[in-house]
Structure formats: C-alpha cells, structure tokens
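Shown below: my_file32.cif, with mmCIF, N, CA and C atoms.
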data_query
loop_
_atom_site.group_PDB
_atom_site.id
_atom_site.type_symbol
_atom_site.label_atom_id
_atom_site.label_comp_id
_atom_site.auth_asym_id
_atom_site.auth_seq_id
_atom_site.Cartn_x
_atom_site.Cartn_y
_atom_site.Cartn_z
ATOM 1 N N MET K 1 -10.343 -13.657 6.248
ATOM 2 C CA MET K 1 -11.048 -12.838 5.264
ATOM 3 C C MET K 1 -10.164 -12.649 4.035
ATOM 4 N N ASN K 2 -10.748 -12.760 2.878
ATOM 5 C CA ASN K 2 -10.029 -12.636 1.620
ATOM 6 C C ASN K 2 -9.925 -11.158 1.239
ATOM 7 N N ASN K 3 -8.722 -10.690 0.968
ATOM 8 C CA ASN K 3 -8.505 -9.286 0.607
ATOM 9 C C ASN K 3 -8.310 -9.104 -0.883
ATOM 10 N N ASP K 4 -8.837 -10.013 -1.701
ATOM 11 C CA ASP K 4 -8.741 -9.888 -3.146
ATOM 12 C C ASP K 4 -10.044 -9.334 -3.698
ATOM 13 N N ALA K 5 -9.934 -8.580 -4.783
ATOM 14 C CA ALA K 5 -11.128 -8.010 -5.417
ATOM 15 C C ALA K 5 -10.913 -7.923 -6.916
ATOM 16 N N LEU K 6 -12.008 -7.976 -7.646
ATOM 17 C CA LEU K 6 -11.955 -7.787 -9.091
ATOM 18 C C LEU K 6 -11.792 -6.304 -9.407
ATOM 19 N N ILE K 7 -11.126 -6.019 -10.516
ATOM 20 C CA ILE K 7 -10.979 -4.634 -10.976
ATOM 21 C C ILE K 7 -12.130 -4.336 -11.927
ATOM 22 N N TYR K 8 -12.810 -3.236 -11.684
ATOM 23 C CA TYR K 8 -13.916 -2.791 -12.531
ATOM 24 C C TYR K 8 -13.569 -1.452 -13.147
ATOM 25 N N ILE K 9 -14.182 -1.193 -14.279
ATOM 26 C CA ILE K 9 -14.062 0.113 -14.916
ATOM 27 C C ILE K 9 -15.476 0.659 -15.085
ATOM 28 N N ARG K 10 -15.626 1.930 -14.862
ATOM 29 C CA ARG K 10 -16.935 2.573 -15.024
ATOM 30 C C ARG K 10 -16.836 3.578 -16.163
ATOM 31 N N ILE K 11 -17.807 3.479 -17.073
ATOM 32 C CA ILE K 11 -17.891 4.408 -18.191
ATOM 33 C C ILE K 11 -19.223 5.131 -18.080
ATOM 34 N N THR K 12 -19.184 6.448 -18.225
ATOM 35 C CA THR K 12 -20.394 7.258 -18.166
ATOM 36 C C THR K 12 -20.576 7.970 -19.504
ATOM 37 N N VAL K 13 -21.742 7.768 -20.120
ATOM 38 C CA VAL K 13 -22.075 8.422 -21.378
ATOM 39 C C VAL K 13 -23.464 9.010 -21.227
ATOM 40 N N ASP K 14 -23.582 10.308 -21.475
ATOM 41 C CA ASP K 14 -24.861 11.009 -21.364
ATOM 42 C C ASP K 14 -25.530 10.759 -20.018
ATOM 43 N N GLY K 15 -24.734 10.723 -18.961
ATOM 44 C CA GLY K 15 -25.258 10.539 -17.615
ATOM 45 C C GLY K 15 -25.592 9.108 -17.244
ATOM 46 N N LYS K 16 -25.401 8.173 -18.164
ATOM 47 C CA LYS K 16 -25.684 6.764 -17.892
ATOM 48 C C LYS K 16 -24.371 6.049 -17.587
ATOM 49 N N ARG K 17 -24.361 5.344 -16.454
ATOM 50 C CA ARG K 17 -23.163 4.641 -16.021
ATOM 51 C C ARG K 17 -23.256 3.162 -16.356
ATOM 52 N N VAL K 18 -22.108 2.623 -16.773
ATOM 53 C CA VAL K 18 -21.995 1.190 -17.020
ATOM 54 C C VAL K 18 -20.702 0.725 -16.373
ATOM 55 N N ASN K 19 -20.780 -0.371 -15.613
ATOM 56 C CA ASN K 19 -19.602 -0.954 -14.985
ATOM 57 C C ASN K 19 -19.232 -2.235 -15.722
ATOM 58 N N PHE K 20 -17.932 -2.389 -15.979
ATOM 59 C CA PHE K 20 -17.415 -3.591 -16.617
ATOM 60 C C PHE K 20 -16.338 -4.199 -15.739
ATOM 61 N N SER K 21 -16.374 -5.500 -15.601
ATOM 62 C CA SER K 21 -15.296 -6.198 -14.912
ATOM 63 C C SER K 21 -14.162 -6.415 -15.906
ATOM 64 N N LEU K 22 -12.936 -6.093 -15.499
ATOM 65 C CA LEU K 22 -11.782 -6.354 -16.339
ATOM 66 C C LEU K 22 -11.262 -7.770 -16.132
ATOM 67 N N LYS K 23 -11.921 -8.502 -15.235
ATOM 68 C CA LYS K 23 -11.586 -9.894 -14.943
ATOM 69 C C LYS K 23 -10.139 -10.052 -14.492
ATOM 70 N N LYS K 24 -9.648 -9.043 -13.792
ATOM 71 C CA LYS K 24 -8.325 -9.085 -13.173
ATOM 72 C C LYS K 24 -8.523 -8.957 -11.674
ATOM 73 N N ILE K 25 -7.739 -9.696 -10.923
ATOM 74 C CA ILE K 25 -7.847 -9.668 -9.465
ATOM 75 C C ILE K 25 -6.653 -8.934 -8.880
ATOM 76 N N ILE K 26 -6.931 -8.118 -7.869
ATOM 77 C CA ILE K 26 -5.888 -7.365 -7.178
ATOM 78 C C ILE K 26 -6.060 -7.562 -5.680
ATOM 79 N N HIS K 27 -4.960 -7.636 -4.984
ATOM 80 C CA HIS K 27 -4.997 -7.692 -3.523
ATOM 81 C C HIS K 27 -5.235 -6.262 -3.035
ATOM 82 N N LEU K 28 -6.215 -6.069 -2.184
ATOM 83 C CA LEU K 28 -6.610 -4.722 -1.769
ATOM 84 C C LEU K 28 -5.487 -3.935 -1.112
ATOM 85 N N ASP K 29 -4.562 -4.623 -0.445
ATOM 86 C CA ASP K 29 -3.445 -3.923 0.186
ATOM 87 C C ASP K 29 -2.467 -3.356 -0.835
ATOM 88 N N LEU K 30 -2.531 -3.815 -2.071
ATOM 89 C CA LEU K 30 -1.588 -3.376 -3.100
ATOM 90 C C LEU K 30 -2.151 -2.291 -4.013
ATOM 91 N N GLN K 31 -3.375 -1.885 -3.779
ATOM 92 C CA GLN K 31 -3.950 -0.864 -4.647
ATOM 93 C C GLN K 31 -3.481 0.526 -4.231
ATOM 94 N N ASP K 32 -3.244 1.359 -5.213
ATOM 95 C CA ASP K 32 -2.895 2.764 -4.993
ATOM 96 C C ASP K 32 -4.022 3.572 -5.618
ATOM 97 N N LEU K 33 -4.957 4.009 -4.784
ATOM 98 C CA LEU K 33 -6.146 4.687 -5.282
ATOM 99 C C LEU K 33 -5.846 6.046 -5.906
ATOM 100 N N THR K 34 -4.834 6.741 -5.406
ATOM 101 C CA THR K 34 -4.530 8.063 -5.963
ATOM 102 C C THR K 34 -3.925 7.950 -7.358
ATOM 103 N N LYS K 35 -3.092 6.934 -7.573
ATOM 104 C CA LYS K 35 -2.461 6.745 -8.884
ATOM 105 C C LYS K 35 -3.257 5.808 -9.781
ATOM 106 N N LYS K 36 -4.243 5.128 -9.188
ATOM 107 C CA LYS K 36 -5.062 4.152 -9.915
ATOM 108 C C LYS K 36 -4.188 3.071 -10.544
ATOM 109 N N LYS K 37 -3.260 2.570 -9.736
ATOM 110 C CA LYS K 37 -2.335 1.529 -10.161
ATOM 111 C C LYS K 37 -2.123 0.541 -9.026
ATOM 112 N N VAL K 38 -1.355 -0.493 -9.341
ATOM 113 C CA VAL K 38 -0.982 -1.485 -8.345
ATOM 114 C C VAL K 38 0.391 -1.102 -7.797
ATOM 115 N N LYS K 39 0.531 -1.152 -6.480
ATOM 116 C CA LYS K 39 1.815 -0.855 -5.850
ATOM 117 C C LYS K 39 2.764 -2.022 -6.048
ATOM 118 N N GLY K 40 4.036 -1.717 -6.127
ATOM 119 C CA GLY K 40 5.039 -2.768 -6.142
ATOM 120 C C GLY K 40 5.736 -2.934 -7.469
ATOM 121 N N THR K 41 6.765 -3.783 -7.440
ATOM 122 C CA THR K 41 7.564 -4.036 -8.632
ATOM 123 C C THR K 41 7.557 -5.512 -9.018
ATOM 124 N N THR K 42 6.618 -6.266 -8.456
ATOM 125 C CA THR K 42 6.526 -7.682 -8.802
ATOM 126 C C THR K 42 6.042 -7.831 -10.241
ATOM 127 N N ALA K 43 6.227 -9.021 -10.787
ATOM 128 C CA ALA K 43 5.773 -9.276 -12.154
ATOM 129 C C ALA K 43 4.259 -9.081 -12.273
ATOM 130 N N HIS K 44 3.513 -9.523 -11.247
ATOM 131 C CA HIS K 44 2.053 -9.363 -11.264
ATOM 132 C C HIS K 44 1.663 -7.891 -11.264
ATOM 133 N N ALA K 45 2.333 -7.090 -10.447
ATOM 134 C CA ALA K 45 2.038 -5.651 -10.382
ATOM 135 C C ALA K 45 2.343 -4.983 -11.719
ATOM 136 N N LYS K 46 3.479 -5.322 -12.308
ATOM 137 C CA LYS K 46 3.857 -4.725 -13.595
ATOM 138 C C LYS K 46 2.888 -5.125 -14.698
ATOM 139 N N GLN K 47 2.508 -6.397 -14.725
ATOM 140 C CA GLN K 47 1.562 -6.873 -15.743
ATOM 141 C C GLN K 47 0.204 -6.199 -15.589
ATOM 142 N N THR K 48 -0.256 -6.085 -14.365
ATOM 143 C CA THR K 48 -1.553 -5.463 -14.116
ATOM 144 C C THR K 48 -1.528 -3.994 -14.501
ATOM 145 N N ASN K 49 -0.473 -3.280 -14.131
ATOM 146 C CA ASN K 49 -0.369 -1.863 -14.482
ATOM 147 C C ASN K 49 -0.290 -1.668 -15.990
ATOM 148 N N LEU K 50 0.438 -2.530 -16.672
ATOM 149 C CA LEU K 50 0.519 -2.456 -18.132
ATOM 150 C C LEU K 50 -0.858 -2.701 -18.746
ATOM 151 N N TYR K 51 -1.564 -3.692 -18.228
ATOM 152 C CA TYR K 51 -2.907 -3.988 -18.716
ATOM 153 C C TYR K 51 -3.844 -2.796 -18.510
ATOM 154 N N LEU K 52 -3.775 -2.167 -17.338
ATOM 155 C CA LEU K 52 -4.628 -1.008 -17.060
ATOM 156 C C LEU K 52 -4.330 0.138 -18.020
ATOM 157 N N GLU K 53 -3.050 0.356 -18.325
ATOM 158 C CA GLU K 53 -2.675 1.403 -19.281
ATOM 159 C C GLU K 53 -3.194 1.082 -20.679
ATOM 160 N N GLU K 54 -3.142 -0.187 -21.068
ATOM 161 C CA GLU K 54 -3.649 -0.591 -22.377
ATOM 162 C C GLU K 54 -5.152 -0.365 -22.474
ATOM 163 N N VAL K 55 -5.884 -0.725 -21.441
ATOM 164 C CA VAL K 55 -7.335 -0.513 -21.424
ATOM 165 C C VAL K 55 -7.641 0.976 -21.506
ATOM 166 N N LYS K 56 -6.935 1.768 -20.724
ATOM 167 C CA LYS K 56 -7.135 3.224 -20.732
ATOM 168 C C LYS K 56 -6.862 3.795 -22.124
ATOM 169 N N SER K 57 -5.803 3.346 -22.759
ATOM 170 C CA SER K 57 -5.452 3.814 -24.100
ATOM 171 C C SER K 57 -6.513 3.421 -25.119
ATOM 172 N N GLN K 58 -6.991 2.180 -25.052
ATOM 173 C CA GLN K 58 -8.028 1.728 -25.990
ATOM 174 C C GLN K 58 -9.316 2.520 -25.813
ATOM 175 N N LEU K 59 -9.684 2.778 -24.564
ATOM 176 C CA LEU K 59 -10.901 3.561 -24.317
ATOM 177 C C LEU K 59 -10.745 4.987 -24.825
ATOM 178 N N PHE K 60 -9.569 5.555 -24.663
ATOM 179 C CA PHE K 60 -9.317 6.913 -25.144
ATOM 180 C C PHE K 60 -9.407 6.953 -26.676
ATOM 181 N N GLN K 61 -8.873 5.936 -27.345
ATOM 182 C CA GLN K 61 -8.954 5.877 -28.806
ATOM 183 C C GLN K 61 -10.393 5.752 -29.290
ATOM 184 N N ILE K 62 -11.195 4.967 -28.581
ATOM 185 C CA ILE K 62 -12.608 4.820 -28.932
ATOM 186 C C ILE K 62 -13.337 6.132 -28.744
ATOM 187 N N TYR K 63 -13.001 6.842 -27.660
ATOM 188 C CA TYR K 63 -13.644 8.119 -27.390
ATOM 189 C C TYR K 63 -13.351 9.112 -28.495
#
Spell out the structure here as structure tokens.
Amino acid sequence: MNNDALIYIRITVDGKRVNFSLKKIIHLDLQDLTKKKVKGTTAHAKQTNLYLEEVKSQLFQIY
C-alpha cells in the first residue's frame, strides 16, 4: 500500500469551502498534524515546510 498523499489547502469564504491541491506529495508517516508541517530534517522535509510557510504567507497577504 502506498503511504503517499497530495497536500491540499482548504479556504472558506462566506461559508463556502474550496479545496486546492498544492501539487506536493508527502509520506503520511512524516506528517505532523498538530504543527501542520513535515517531520524531519531531510532536504525534502525542509523544502516542503518552507513551501507551506510561503503559501500561508501569500494567503495571509491576500486576505
């Protein structure tokens, strides 16, 4: 069984939800749901976490 999954972001405006794929893949064993980050210090984990922070920052600026 494959333990990889795409990362999605959900945005809710006026009660309407929209899901977007960030087109990034994460191994399910490496996800940290409480911190909403990837566990570990590998290059992939660092790149993914940096990307997630950039997306979060861009969405906050748009808001």
* Asked: How many Å lie between atom C of Val18 (chain K) and atom C of Leu59 (chain K), rounded to one decimal?
  ->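 Going from atom C of Val18 (chain K) over to atom C of Leu59 (chain K), I get 13.7 Å.
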* Tell me, in Å to one decimal, how far atom N of Lys35 (chain K) is from atom N of Thr12 (chain K). =>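 Interatomic distance, atom N of Lys35 (chain K) to atom N of Thr12 (chain K): 19.3 Å.
Proximity to region 23-26 of chain K at 6.5 Å, evaluated using all atoms listed in the file and with sequence-adjacent residues fewer than 3 positions away removed, yields K:Asn3, K:Asp4, K:Ala5, K:Leu6, K:Ile7, K:Tyr8, K:Phe20, K:Asp29, K:Leu30.
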* To do: Could you check how far atom N of Thr42 (chain K) sits from atom N of Glu54 (chain K), in Å to one decimal?
  => 17.1 Å
* Pull the strand (DSSP E) assignments for region 8-44 of chain K out of DSSP run on the backbone, and list those residues as JSON, numbers by chain. => {"K": [8, 9, 10, 11, 12, 13, 16, 17, 18, 19, 20, 21, 22, 23, 24, 25, 26, 27, 31, 32, 37, 38]}
* Could you pull out all residues of chain K with a DSSP call of helix (DSSP H, G or I) and give them as a list in words? ->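 These are the residues in question: Leu28, Asp29, Leu30, Ala43, His44, Ala45, Lys46, Gln47, Thr48, Asn49, Leu50, Tyr51, Leu52, Glu53, Glu54, Val55, Lys56, Ser57, Gln58, Leu59, Phe60, Gln61 and Ile62 of chain K.
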* Distance criterion (all atoms listed in the file): nearest to Leu28 (chain K) out of K:Ala43, K:Val55, K:Gln61, K:Asn2 ->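 For Leu28 (chain K), the nearest of the candidates is K:Asn2.
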Mind giving me the axis-aligned box for region 23-39 of chain K with 5 Å on every side, centre plus edges in Å to one decimal, as JSON?
{"center_x": -4.6, "center_y": -1.0, "center_z": -7.5, "size_x": 24.7, "size_y": 28.1, "size_z": 25.4}
